[in-house]
Amino acid sequence: MTMQLASTEIASRTAAIVQEMKGLEGPLLPILHGIQEEFGHVPQEALPVIADGLNLSRAEVYGVVTFYHDFRARPAGRHVLKLCQAEACQSMGSDAVAAKFKQLLGIGFHETTRDGSVTLEPVYCLGLCACSPSAMLDGEVIGRLDDEKIEEIAAEVRS
């Protein structure tokens with residue numbers, strides 16, 4: 001019964017977002033962003049509501065959700081740490097940076113720590129190529145990552 005109620009609530013709130021934004025040109029992406037802002041992720045229960053509201057197939061909506069890396073199927077942690085994995089950052093050691101963060105946080109990419117403090121995600125270019133390797137923590141970009149900065153960030157997100 002509780003799961004049913006939760007699904008009903010998700011559908012209701014999703015329908016309101018769809019109704020509010022469906023008049024926009026190209027409304028699917030703004031709707032998905034609105035839903036993720038509302039719930040912290042794009043719940044599966046929202047997909048048929050979006051599809052019906054925009055006269056799209058569920059497959060079309062699912063395809064867009066899974067194509068764009070910023071949309072999540074599950075809620076993120078309190079902090080979201082995105083590590084650049086593009087070529088410029090790779091040439092400056094982003095693989096070692098990622099390995100260090102994974103070791104310090106005890107998670108891999110697309111995972112959230114058990115305590116819900118941080119989600120670790122790969123990103124493919126933050127536009128800080130001249131300051132690589134780089135990351136983004138809760139929307140703030142950080143360049144020239146070194147061991148000291150990595151340990152500072154890991155301690156900050158775990159506190």
# chains A, B, ... in the order shown; residues from 1 in each chain; ligands from 1
call {"tool": "select_by_dssp", "arguments": {"residues": "segment 52-87 of chain A", "states": "helix (DSSP H, G or I)", "output": "PDB file with N, CA, C and O atoms, in the first residue's frame"}}
result
ATOM      1  N   ASP A  52       2.848  10.114 -21.830  1.00  0.00           N
ATOM      2  CA  ASP A  52       1.439  10.414 -22.111  1.00  0.00           C
ATOM      3  C   ASP A  52       1.219  11.922 -22.279  1.00  0.00           C
ATOM      4  O   ASP A  52       0.516  12.354 -23.189  1.00  0.00           O
ATOM      5  N   GLY A  53       1.832  12.706 -21.416  1.00  0.00           N
ATOM      6  CA  GLY A  53       1.635  14.154 -21.458  1.00  0.00           C
ATOM      7  C   GLY A  53       2.205  14.815 -22.699  1.00  0.00           C
ATOM      8  O   GLY A  53       1.714  15.851 -23.140  1.00  0.00           O
ATOM      9  N   LEU A  54       3.254  14.207 -23.276  1.00  0.00           N
ATOM     10  CA  LEU A  54       3.893  14.796 -24.461  1.00  0.00           C
ATOM     11  C   LEU A  54       3.571  14.023 -25.742  1.00  0.00           C
ATOM     12  O   LEU A  54       4.125  14.337 -26.797  1.00  0.00           O
ATOM     13  N   ARG A  58       7.031   5.599 -24.422  1.00  0.00           N
ATOM     14  CA  ARG A  58       7.859   5.441 -23.218  1.00  0.00           C
ATOM     15  C   ARG A  58       9.310   5.204 -23.610  1.00  0.00           C
ATOM     16  O   ARG A  58      10.225   5.650 -22.930  1.00  0.00           O
ATOM     17  N   ALA A  59       9.512   4.505 -24.725  1.00  0.00           N
ATOM     18  CA  ALA A  59      10.868   4.224 -25.208  1.00  0.00           C
ATOM     19  C   ALA A  59      11.597   5.518 -25.569  1.00  0.00           C
ATOM     20  O   ALA A  59      12.801   5.653 -25.300  1.00  0.00           O
ATOM     21  N   GLU A  60      10.885   6.470 -26.159  1.00  0.00           N
ATOM     22  CA  GLU A  60      11.515   7.751 -26.507  1.00  0.00           C
ATOM     23  C   GLU A  60      11.951   8.497 -25.246  1.00  0.00           C
ATOM     24  O   GLU A  60      13.060   9.030 -25.185  1.00  0.00           O
ATOM     25  N   VAL A  61      11.090   8.524 -24.258  1.00  0.00           N
ATOM     26  CA  VAL A  61      11.422   9.210 -23.003  1.00  0.00           C
ATOM     27  C   VAL A  61      12.582   8.490 -22.306  1.00  0.00           C
ATOM     28  O   VAL A  61      13.553   9.126 -21.881  1.00  0.00           O
ATOM     29  N   TYR A  62      12.510   7.170 -22.230  1.00  0.00           N
ATOM     30  CA  TYR A  62      13.578   6.390 -21.610  1.00  0.00           C
ATOM     31  C   TYR A  62      14.903   6.610 -22.340  1.00  0.00           C
ATOM     32  O   TYR A  62      15.958   6.743 -21.708  1.00  0.00           O
ATOM     33  N   GLY A  63      14.854   6.673 -23.654  1.00  0.00           N
ATOM     34  CA  GLY A  63      16.063   6.891 -24.448  1.00  0.00           C
ATOM     35  C   GLY A  63      16.742   8.206 -24.119  1.00  0.00           C
ATOM     36  O   GLY A  63      17.968   8.282 -24.028  1.00  0.00           O
ATOM     37  N   VAL A  64      15.954   9.245 -23.926  1.00  0.00           N
ATOM     38  CA  VAL A  64      16.517  10.548 -23.586  1.00  0.00           C
ATOM     39  C   VAL A  64      17.091  10.519 -22.171  1.00  0.00           C
ATOM     40  O   VAL A  64      18.194  11.013 -21.931  1.00  0.00           O
ATOM     41  N   VAL A  65      16.370   9.927 -21.244  1.00  0.00           N
ATOM     42  CA  VAL A  65      16.845   9.851 -19.850  1.00  0.00           C
ATOM     43  C   VAL A  65      18.173   9.108 -19.769  1.00  0.00           C
ATOM     44  O   VAL A  65      19.089   9.536 -19.061  1.00  0.00           O
ATOM     45  N   THR A  66      18.289   8.015 -20.496  1.00  0.00           N
ATOM     46  CA  THR A  66      19.514   7.217 -20.414  1.00  0.00           C
ATOM     47  C   THR A  66      20.646   7.768 -21.280  1.00  0.00           C
ATOM     48  O   THR A  66      21.807   7.461 -21.038  1.00  0.00           O
ATOM     49  N   PHE A  67      20.321   8.603 -22.273  1.00  0.00           N
ATOM     50  CA  PHE A  67      21.355   9.181 -23.134  1.00  0.00           C
ATOM     51  C   PHE A  67      22.152  10.250 -22.393  1.00  0.00           C
ATOM     52  O   PHE A  67      23.365  10.314 -22.498  1.00  0.00           O
ATOM     53  N   GLU A  87      39.887  13.610 -22.687  1.00  0.00           N
ATOM     54  CA  GLU A  87      41.264  13.367 -23.117  1.00  0.00           C
ATOM     55  C   GLU A  87      42.289  14.272 -22.447  1.00  0.00           C
ATOM     56  O   GLU A  87      43.349  13.804 -22.015  1.00  0.00           O
TER      57      GLU A  87
END
call {"tool": "residues_around", "arguments": {"residues": "Tyr68 of chain A", "least_positions_apart": "5", "cutoff": "12 Å", "atoms": "only C-alpha atoms", "output": "list of chain:residue names"}}
result
A:Leu29, A:Leu32, A:His33, A:Val42, A:Val61, A:Tyr62, A:Gly63, A:Ala73, A:Val123, A:Tyr124
call {"tool": "write_last_selection", "arguments": {"atoms": "N, CA and C atoms", "output": "short mmCIF file (atom, residue, chain, number, x, y, z; two decimals), in the first residue's frame"}}
result
data_model
loop_
_atom_site.label_atom_id
_atom_site.label_comp_id
_atom_site.auth_asym_id
_atom_site.auth_seq_id
_atom_site.Cartn_x
_atom_site.Cartn_y
_atom_site.Cartn_z
N LEU A 29 13.39 17.97 -22.28
CA LEU A 29 14.55 18.19 -21.41
C LEU A 29 14.21 19.08 -20.22
N LEU A 32 12.30 16.94 -17.75
CA LEU A 32 13.16 15.98 -17.05
C LEU A 32 14.01 16.67 -15.98
N HIS A 33 14.53 17.86 -16.31
CA HIS A 33 15.30 18.62 -15.31
C HIS A 33 14.40 19.01 -14.13
N VAL A 42 15.14 10.87 -11.66
CA VAL A 42 13.98 10.69 -12.53
C VAL A 42 13.41 9.30 -12.24
N VAL A 61 11.09 8.52 -24.26
CA VAL A 61 11.42 9.21 -23.00
C VAL A 61 12.58 8.49 -22.31
N TYR A 62 12.51 7.17 -22.23
CA TYR A 62 13.58 6.39 -21.61
C TYR A 62 14.90 6.61 -22.34
N GLY A 63 14.85 6.67 -23.65
CA GLY A 63 16.06 6.89 -24.45
C GLY A 63 16.74 8.21 -24.12
N ALA A 73 18.77 7.66 -12.22
CA ALA A 73 17.67 6.73 -11.95
C ALA A 73 17.43 6.59 -10.45
N VAL A 123 32.48 12.59 -15.82
CA VAL A 123 31.95 13.62 -16.71
C VAL A 123 32.96 13.78 -17.84
N TYR A 124 32.48 14.13 -19.00
CA TYR A 124 33.36 14.17 -20.16
C TYR A 124 33.50 15.60 -20.66
#
call {"tool": "closest_residue", "arguments": {"among": "A:Glu20, A:Glu151, A:Glu140, A:Asp70", "to": "Gln36 of chain A", "atoms": "only C-alpha atoms"}}
result
A:Asp70
call {"tool": "residues_around", "arguments": {"residues": "Ser91 of chain A", "least_positions_apart": "5", "cutoff": "10 Å", "atoms": "only C-alpha atoms", "output": "ChimeraX atom specification"}}
result
/A:85-86,132-133
call {"tool": "residues_around", "arguments": {"residues": "Thr112 of chain A", "least_positions_apart": "3", "cutoff": "10 Å", "atoms": "only C-alpha atoms", "output": "PyMOL selection string"}}
result
chain A and resi 74-80+105-109+115-121
call {"tool": "select_by_dssp", "arguments": {"residues": "segment 18-152 of chain A", "states": "strand (DSSP E)", "output": "PyMOL selection string"}}
result
chain A and resi 79-84+111-112+118-123+135-137+140-142
call {"tool": "atom_distance", "arguments": {"atom1": "atom CA of Asp138 of chain A", "atom2": "atom CA of Lys82 of chain A"}}
result
8.4 Å
call {"tool": "closest_residue", "arguments": {"among": "A:Met21, A:Val97, A:Ile10, A:Leu104", "to": "Gln44 of chain A", "atoms": "only C-alpha atoms"}}
result
A:Ile10
call {"tool": "residues_around", "arguments": {"residues": "Ala96 of chain A", "least_positions_apart": "4", "cutoff": "10 Å", "atoms": "only C-alpha atoms", "output": "number ranges by chain"}}
result
A: 90, 92, 100-102, 133, 146-147
call {"tool": "atom_distance", "arguments": {"atom1": "atom CA of Gly26 of chain A", "atom2": "atom CA of Asn55 of chain A"}}
result
12.6 Å
call {"tool": "atom_distance", "arguments": {"atom1": "atom CA of Leu83 of chain A", "atom2": "atom CA of Ser134 of chain A"}}
result
6.5 Å
